[in-house]
Amino acid sequence: MSVAKKLIDARMPPPIMAREFSKTRVAGLLMMAIWLLLGISIIFFLTSEWDPEKVARYGPRYLSGLGVTLTLVSISIVLGALLSLPVTYGRMSSSAWLSAPAYGYVYFFRGTPLIAQLFLIYYGLGEFRPQLQAMGLWGFFREPWNCAILAFTLNTAAYQAEILRGALQSVPRGQFEGAQALGLNRFVIYWKIILPQALIVALRPYGNEIILMIKGSAIVAIITVFDLFGETRRAFSRTFDFQTYIWAAIFYLLIVEVLRNLWNWLEARLTRHLKR
Amino acid sequence: MEETLSLLSFGPDGWGDQIASGVLVTMGLALATLPFGLVLGFFLALAKQSQERSVRMAAEIYTTIFRGLPELLTLFLVYFGLQIGVRQLMTMLGFESGFEINSFVAGMIALGVVFSAFASEVFVSAFKAIPHGQYEGGDALGLRRSQTMVKIILPQLIRIALPGLGNLWMILLKETALVSVIGLPDILRQAGIAARVSKEAFLFFGIACLLFLVLAILSSIVIGFIERRVEQSEVRV
């Protein structure tokens with residue numbers, strides 16, 4: 001029996017091929033070139049049309065509009081969160097007397113456009129002026145700002161109720177039973193055991209809901225609330241300058257991106273005990 | 001009561017026919033936007049999974065922009081931007097024209113672009129749910145890449161993406177109401193005209209809301225039907 005004396009030389013690795021210019025690569029570079037061109041032309045447009053007088057006049061208005069948008073959204077989100085608690089309770093109740101109206105409420109506000117709800121409240125309730133005056137509520141419904149807050153609160157409460165319900169139901173039943181076995185009362189069970197787990201699940205949908213509200217709040221401009229979009233429309237109608245809309249787009253993109261990154265950070269921070 | 005009915009009747013005194021035409025416009029806009037948005041969203045999803053960094057980045061920029069902008073602002077950007085852009089192009093080329101973009105087309109473009117940005121996310125997560133072996137199976141059968149995509153991947157992709165796309169359709173249906181702001185005679189605009197003329201705002205906007213609800217219910221019935229149809233081809237374990 002012969003023994004191989006000489007091993008076959010290891011073959012050379014294949015030569016590193018230069019990245020070829022495939023069709024996809026060309027297409028990708030082309031698309032990036034288009035984006036770049038678009039970005040540059042927008043910057044060029046904004047700088048060439050930069051008018052200190054316009055900036056001095058409309059800049060502060062944009063900032064106040066931004067403030068209005070953020071105030072409107074924060075108030076509605078907070079009030080909606082409060083309102084969503086009884087709605088969620090109704091939705092999860094086993095009694096049909098509670099769950100049916102809650103279901104109807106959620107279905108109506110999630111199934112119809114926010115703008116139609118806003119019109120229904122602002123223009124529709126305006127028709128009942130004598131009755132509202134008799135009740136002393138006319139002062140409230142006369143203001144578009146109040147109507148916007150009311151419509152947004154009712155709308156976001158329906159969405160938030162569904163988020164909360166989904167999150168509560170995602171907590172395994174055993175958690176509840178375990179807590180009961182420890183002899184805790186219902187309030188403590190919910191406050192200390194169920195809610196902390198549910199809110200982690202609900203965190204991302206809540207963030208999405210806030211972003212949706214910020215984007216959706218642009219429609220208040222139509223009922224003459226001067227939020228960021230309202231100020232934009234007013235500036236455009238006076239100057240016929242398209243850069244007004246581009247500035248609004250930049251502002252909205254900034255808010256949404258900041259909020260999105262903040263939320264990613266928050267989620268990473270709050271779930272760090274779950275990482276393995 | 002009788003007065004209300006006569007307001008809603010079809011014919012010269014009532015607003016029934018105007019509102020019915022509004023329903024058709026709303027449905028037409030949503031249905032016209034859907035294929036445009038779906039196809040664009042599908043190709044965006046393909047781009048997001050490309051080996052090429054530049055392709056991925058281009059698609060990500062697109063989604064970031066159109067997911068972050070309010071739909072109403074996108075609509076105005078398309079409506080005024082295209083109008084001004086085309087006019088400037090025409091004057092540069094030496095034509096003098098008062099080009100005006102159709103509000104239906106502007107709505108279709110704006111809503112389709114937004115829809116595609118969200119649909120691409122749905123498609124990407126559906127792509128991730130398809131095991132790699134499916135592509136390898138297609139290779140082993142000697143299918144071309146396009147054939148693998150159309151015959152093997154796409155049917156599974158649609159099944160997985162369907163619930164997400166159903167949600168997007170519901171959102172799209174509601175967003176069509178925004179196009180009434182730039183003058184498209186849809187449900188909301190017709191209801192608004194009727195409300196202004198008849199001074200019965202609550203009635204007409206209430207009806208507009210109910211019509212949107214009816215459309216949502218009809219859609220959920222149709223989506224449920226399609227889901228059951230598609231599930232028939234699913235492997236039963």
# chains A, B, ... in the order shown; residues from 1 in each chain; ligands from 1
$ residues_around --residues "segment 154-159 of chain B" --least-positions-apart "5" --cutoff "7 Å" --atoms "only C-alpha atoms" --output "ChimeraX atom specification"
/B:126-127,149,230
$ closest_atom_pairs --of "chain B" --to "chain A" --cutoff "6 Å" --atoms "only C-alpha atoms" --output "Markdown table"
| residue | atom | partner | partner_atom | distance |
| --- | --- | --- | --- | --- |
| B:Ser54 | CA | A:Gly28 | CA | 4.9 |
| B:Val55 | CA | A:Gly28 | CA | 4.1 |
| B:Ala58 | CA | A:Met32 | CA | 5.5 |
| B:Gly68 | CA | A:Leu253 | CA | 5.3 |
| B:Leu69 | CA | A:Leu253 | CA | 5.9 |
| B:Pro70 | CA | A:Lys215 | CA | 4.2 |
| B:Lys174 | CA | A:Pro113 | CA | 4.7 |
| B:Ala201 | CA | A:Gly124 | CA | 4.6 |
| B:Phe202 | CA | A:Gly124 | CA | 3.6 |
| B:Phe205 | CA | A:Leu120 | CA | 5.2 |
| B:Cys209 | CA | A:Thr112 | CA | 5.7 |
| B:Phe212 | CA | A:Thr112 | CA | 5.5 |
| B:Leu213 | CA | A:Gly111 | CA | 5.4 |
$ residues_around --residues "Tyr62 of chain B" --least-positions-apart "2" --cutoff "12 Å" --atoms "only C-alpha atoms" --output "PyMOL selection string"
(chain A and resi 31-32+34-35+38) or (chain B and resi 40-41+44-45+47-48+55-60+64-69+113-118+120-121)
$ write_last_selection --atoms "N, CA and C atoms" --output "mmCIF file, in the first residue's frame"
data_model
loop_
_atom_site.group_PDB
_atom_site.id
_atom_site.type_symbol
_atom_site.label_atom_id
_atom_site.label_comp_id
_atom_site.auth_asym_id
_atom_site.auth_seq_id
_atom_site.Cartn_x
_atom_site.Cartn_y
_atom_site.Cartn_z
ATOM 1 N N MET A 31 -31.123 56.509 -9.946
ATOM 2 C CA MET A 31 -32.177 56.978 -9.034
ATOM 3 C C MET A 31 -31.601 57.895 -7.963
ATOM 4 N N MET A 32 -30.420 57.508 -7.448
ATOM 5 C CA MET A 32 -29.790 58.370 -6.448
ATOM 6 C C MET A 32 -29.446 59.722 -7.067
ATOM 7 N N ILE A 34 -31.070 61.177 -9.388
ATOM 8 C CA ILE A 34 -32.307 61.958 -9.490
ATOM 9 C C ILE A 34 -32.651 62.595 -8.149
ATOM 10 N N TRP A 35 -32.533 61.815 -7.062
ATOM 11 C CA TRP A 35 -32.813 62.361 -5.726
ATOM 12 C C TRP A 35 -31.871 63.519 -5.423
ATOM 13 N N LEU A 38 -32.790 66.488 -7.344
ATOM 14 C CA LEU A 38 -34.002 67.079 -6.780
ATOM 15 C C LEU A 38 -33.659 67.859 -5.512
ATOM 16 N N LEU B 40 -46.441 50.226 -7.787
ATOM 17 C CA LEU B 40 -45.314 51.047 -7.346
ATOM 18 C C LEU B 40 -44.774 50.531 -6.018
ATOM 19 N N GLY B 41 -45.671 50.170 -5.105
ATOM 20 C CA GLY B 41 -45.260 49.668 -3.804
ATOM 21 C C GLY B 41 -44.498 48.366 -3.931
ATOM 22 N N LEU B 44 -41.057 49.106 -5.170
ATOM 23 C CA LEU B 44 -40.295 49.730 -4.086
ATOM 24 C C LEU B 44 -39.800 48.670 -3.118
ATOM 25 N N ALA B 45 -40.671 47.679 -2.826
ATOM 26 C CA ALA B 45 -40.273 46.613 -1.901
ATOM 27 C C ALA B 45 -39.118 45.821 -2.500
ATOM 28 N N ALA B 47 -36.931 46.986 -4.528
ATOM 29 C CA ALA B 47 -35.753 47.855 -4.464
ATOM 30 C C ALA B 47 -35.160 47.846 -3.067
ATOM 31 N N LYS B 48 -36.041 47.765 -2.039
ATOM 32 C CA LYS B 48 -35.532 47.820 -0.667
ATOM 33 C C LYS B 48 -34.749 46.578 -0.303
ATOM 34 N N VAL B 55 -29.688 51.398 -4.731
ATOM 35 C CA VAL B 55 -31.107 51.136 -4.986
ATOM 36 C C VAL B 55 -31.880 51.163 -3.679
ATOM 37 N N ARG B 56 -31.314 50.511 -2.659
ATOM 38 C CA ARG B 56 -31.983 50.493 -1.353
ATOM 39 C C ARG B 56 -32.162 51.903 -0.819
ATOM 40 N N MET B 57 -31.093 52.688 -0.943
ATOM 41 C CA MET B 57 -31.152 54.032 -0.383
ATOM 42 C C MET B 57 -32.193 54.889 -1.090
ATOM 43 N N ALA B 58 -32.227 54.774 -2.416
ATOM 44 C CA ALA B 58 -33.193 55.574 -3.181
ATOM 45 C C ALA B 58 -34.610 55.249 -2.720
ATOM 46 N N ALA B 59 -34.882 53.944 -2.526
ATOM 47 C CA ALA B 59 -36.224 53.543 -2.099
ATOM 48 C C ALA B 59 -36.510 54.032 -0.680
ATOM 49 N N GLU B 60 -35.495 53.982 0.190
ATOM 50 C CA GLU B 60 -35.710 54.422 1.579
ATOM 51 C C GLU B 60 -36.018 55.916 1.640
ATOM 52 N N THR B 64 -39.349 57.504 3.284
ATOM 53 C CA THR B 64 -39.252 58.451 4.392
ATOM 54 C C THR B 64 -40.011 59.726 4.073
ATOM 55 N N ILE B 65 -39.843 60.211 2.856
ATOM 56 C CA ILE B 65 -40.505 61.463 2.493
ATOM 57 C C ILE B 65 -42.020 61.295 2.501
ATOM 58 N N PHE B 66 -42.513 60.282 1.800
ATOM 59 C CA PHE B 66 -43.960 60.241 1.609
ATOM 60 C C PHE B 66 -44.704 59.630 2.784
ATOM 61 N N ARG B 67 -43.955 58.964 3.714
ATOM 62 C CA ARG B 67 -44.624 58.534 4.928
ATOM 63 C C ARG B 67 -44.693 59.679 5.913
ATOM 64 N N GLY B 68 -43.748 60.595 5.823
ATOM 65 C CA GLY B 68 -43.667 61.667 6.809
ATOM 66 C C GLY B 68 -44.516 62.873 6.478
ATOM 67 N N LEU B 69 -44.805 63.090 5.196
ATOM 68 C CA LEU B 69 -45.586 64.278 4.834
ATOM 69 C C LEU B 69 -47.062 64.038 5.093
ATOM 70 N N VAL B 113 -48.977 57.729 -4.504
ATOM 71 C CA VAL B 113 -47.595 57.814 -4.032
ATOM 72 C C VAL B 113 -47.535 57.496 -2.537
ATOM 73 N N VAL B 114 -48.484 58.075 -1.772
ATOM 74 C CA VAL B 114 -48.514 57.793 -0.333
ATOM 75 C C VAL B 114 -48.818 56.315 -0.099
ATOM 76 N N PHE B 115 -49.812 55.815 -0.829
ATOM 77 C CA PHE B 115 -50.195 54.399 -0.690
ATOM 78 C C PHE B 115 -48.993 53.501 -0.972
ATOM 79 N N SER B 116 -48.243 53.818 -2.027
ATOM 80 C CA SER B 116 -47.125 52.944 -2.408
ATOM 81 C C SER B 116 -46.052 52.941 -1.332
ATOM 82 N N ALA B 117 -45.852 54.101 -0.678
ATOM 83 C CA ALA B 117 -44.829 54.140 0.373
ATOM 84 C C ALA B 117 -45.206 53.200 1.509
ATOM 85 N N PHE B 118 -46.492 53.204 1.893
ATOM 86 C CA PHE B 118 -46.906 52.315 2.979
ATOM 87 C C PHE B 118 -46.979 50.866 2.507
ATOM 88 N N SER B 120 -45.181 49.419 0.335
ATOM 89 C CA SER B 120 -43.856 48.803 0.195
ATOM 90 C C SER B 120 -43.422 48.181 1.517
ATOM 91 N N GLU B 121 -43.785 48.817 2.638
ATOM 92 C CA GLU B 121 -43.439 48.243 3.944
ATOM 93 C C GLU B 121 -44.157 46.913 4.154
#
$ residues_around --residues "Ile200 of chain A" --least-positions-apart "6" --cutoff "10 Å" --atoms "only C-alpha atoms" --output "list in words"
Ala167, Glu267, Leu270 and Thr271 of chain A
$ residues_around --residues "Asp186 of chain B" --least-positions-apart "2" --cutoff "9 Å" --atoms "only C-alpha atoms" --output "PyMOL selection string"
chain B and resi 19+21-27+29+176-177+179-180+183-184+188-191
$ residues_around --residues "Tyr135 of chain B" --least-positions-apart "2" --cutoff "10 Å" --atoms "only C-alpha atoms" --output "PyMOL selection string"
chain B and resi 130-133+137-141+143+145+148-149+152-153
$ closest_atom_pairs --of "segment 159-219 of chain B" --to "segment 3-14 of chain B" --cutoff "10 Å" --atoms "only C-alpha atoms" --output "CSV"
residue,atom,partner,partner_atom,distance
B:Ala194,CA,B:Leu7,CA,9.0
B:Ser198,CA,B:Leu7,CA,8.1
B:Glu200,CA,B:Thr4,CA,9.1
B:Leu203,CA,B:Thr4,CA,8.4
B:Phe204,CA,B:Leu8,CA,8.9
B:Ile207,CA,B:Leu8,CA,9.7
$ atom_distance --atom1 "atom CA of Val122 of chain B" --atom2 "atom CA of Ile210 of chain A"
20.3 Å
$ residues_around --residues "segment 84-99 of chain A" --least-positions-apart "5" --cutoff "8 Å" --atoms "only C-alpha atoms" --output "MDAnalysis selection string"
chainID A and resid 157:158 160:162 164:165
$ write_last_selection --atoms "N, CA, C and O atoms" --output "mmCIF file, in the first residue's frame"
data_model
loop_
_atom_site.group_PDB
_atom_site.id
_atom_site.type_symbol
_atom_site.label_atom_id
_atom_site.label_comp_id
_atom_site.auth_asym_id
_atom_site.auth_seq_id
_atom_site.Cartn_x
_atom_site.Cartn_y
_atom_site.Cartn_z
ATOM 1 N N ALA A 157 -59.439 58.945 20.425
ATOM 2 C CA ALA A 157 -59.870 58.064 21.512
ATOM 3 C C ALA A 157 -60.271 56.701 20.954
ATOM 4 O O ALA A 157 -59.970 55.668 21.545
ATOM 5 N N ALA A 158 -60.945 56.710 19.780
ATOM 6 C CA ALA A 158 -61.357 55.431 19.187
ATOM 7 C C ALA A 158 -60.131 54.602 18.811
ATOM 8 O O ALA A 158 -60.073 53.398 19.087
ATOM 9 N N GLN A 160 -57.040 54.944 20.014
ATOM 10 C CA GLN A 160 -56.270 54.576 21.202
ATOM 11 C C GLN A 160 -56.954 53.476 21.989
ATOM 12 O O GLN A 160 -56.288 52.639 22.600
ATOM 13 N N ALA A 161 -58.297 53.460 21.977
ATOM 14 C CA ALA A 161 -59.006 52.392 22.681
ATOM 15 C C ALA A 161 -58.641 51.044 22.064
ATOM 16 O O ALA A 161 -58.420 50.064 22.783
ATOM 17 N N GLU A 162 -58.568 50.991 20.735
ATOM 18 C CA GLU A 162 -58.220 49.730 20.083
ATOM 19 C C GLU A 162 -56.784 49.336 20.400
ATOM 20 O O GLU A 162 -56.476 48.160 20.593
ATOM 21 N N LEU A 164 -55.097 50.118 23.098
ATOM 22 C CA LEU A 164 -55.033 49.693 24.492
ATOM 23 C C LEU A 164 -55.638 48.306 24.661
ATOM 24 O O LEU A 164 -55.100 47.450 25.358
ATOM 25 N N ARG A 165 -56.765 48.084 23.983
ATOM 26 C CA ARG A 165 -57.428 46.783 24.101
ATOM 27 C C ARG A 165 -56.512 45.673 23.585
ATOM 28 O O ARG A 165 -56.327 44.640 24.240
#
$ atom_distance --atom1 "atom CA of Val225 of chain A" --atom2 "atom CA of Trp145 of chain A"
6.1 Å
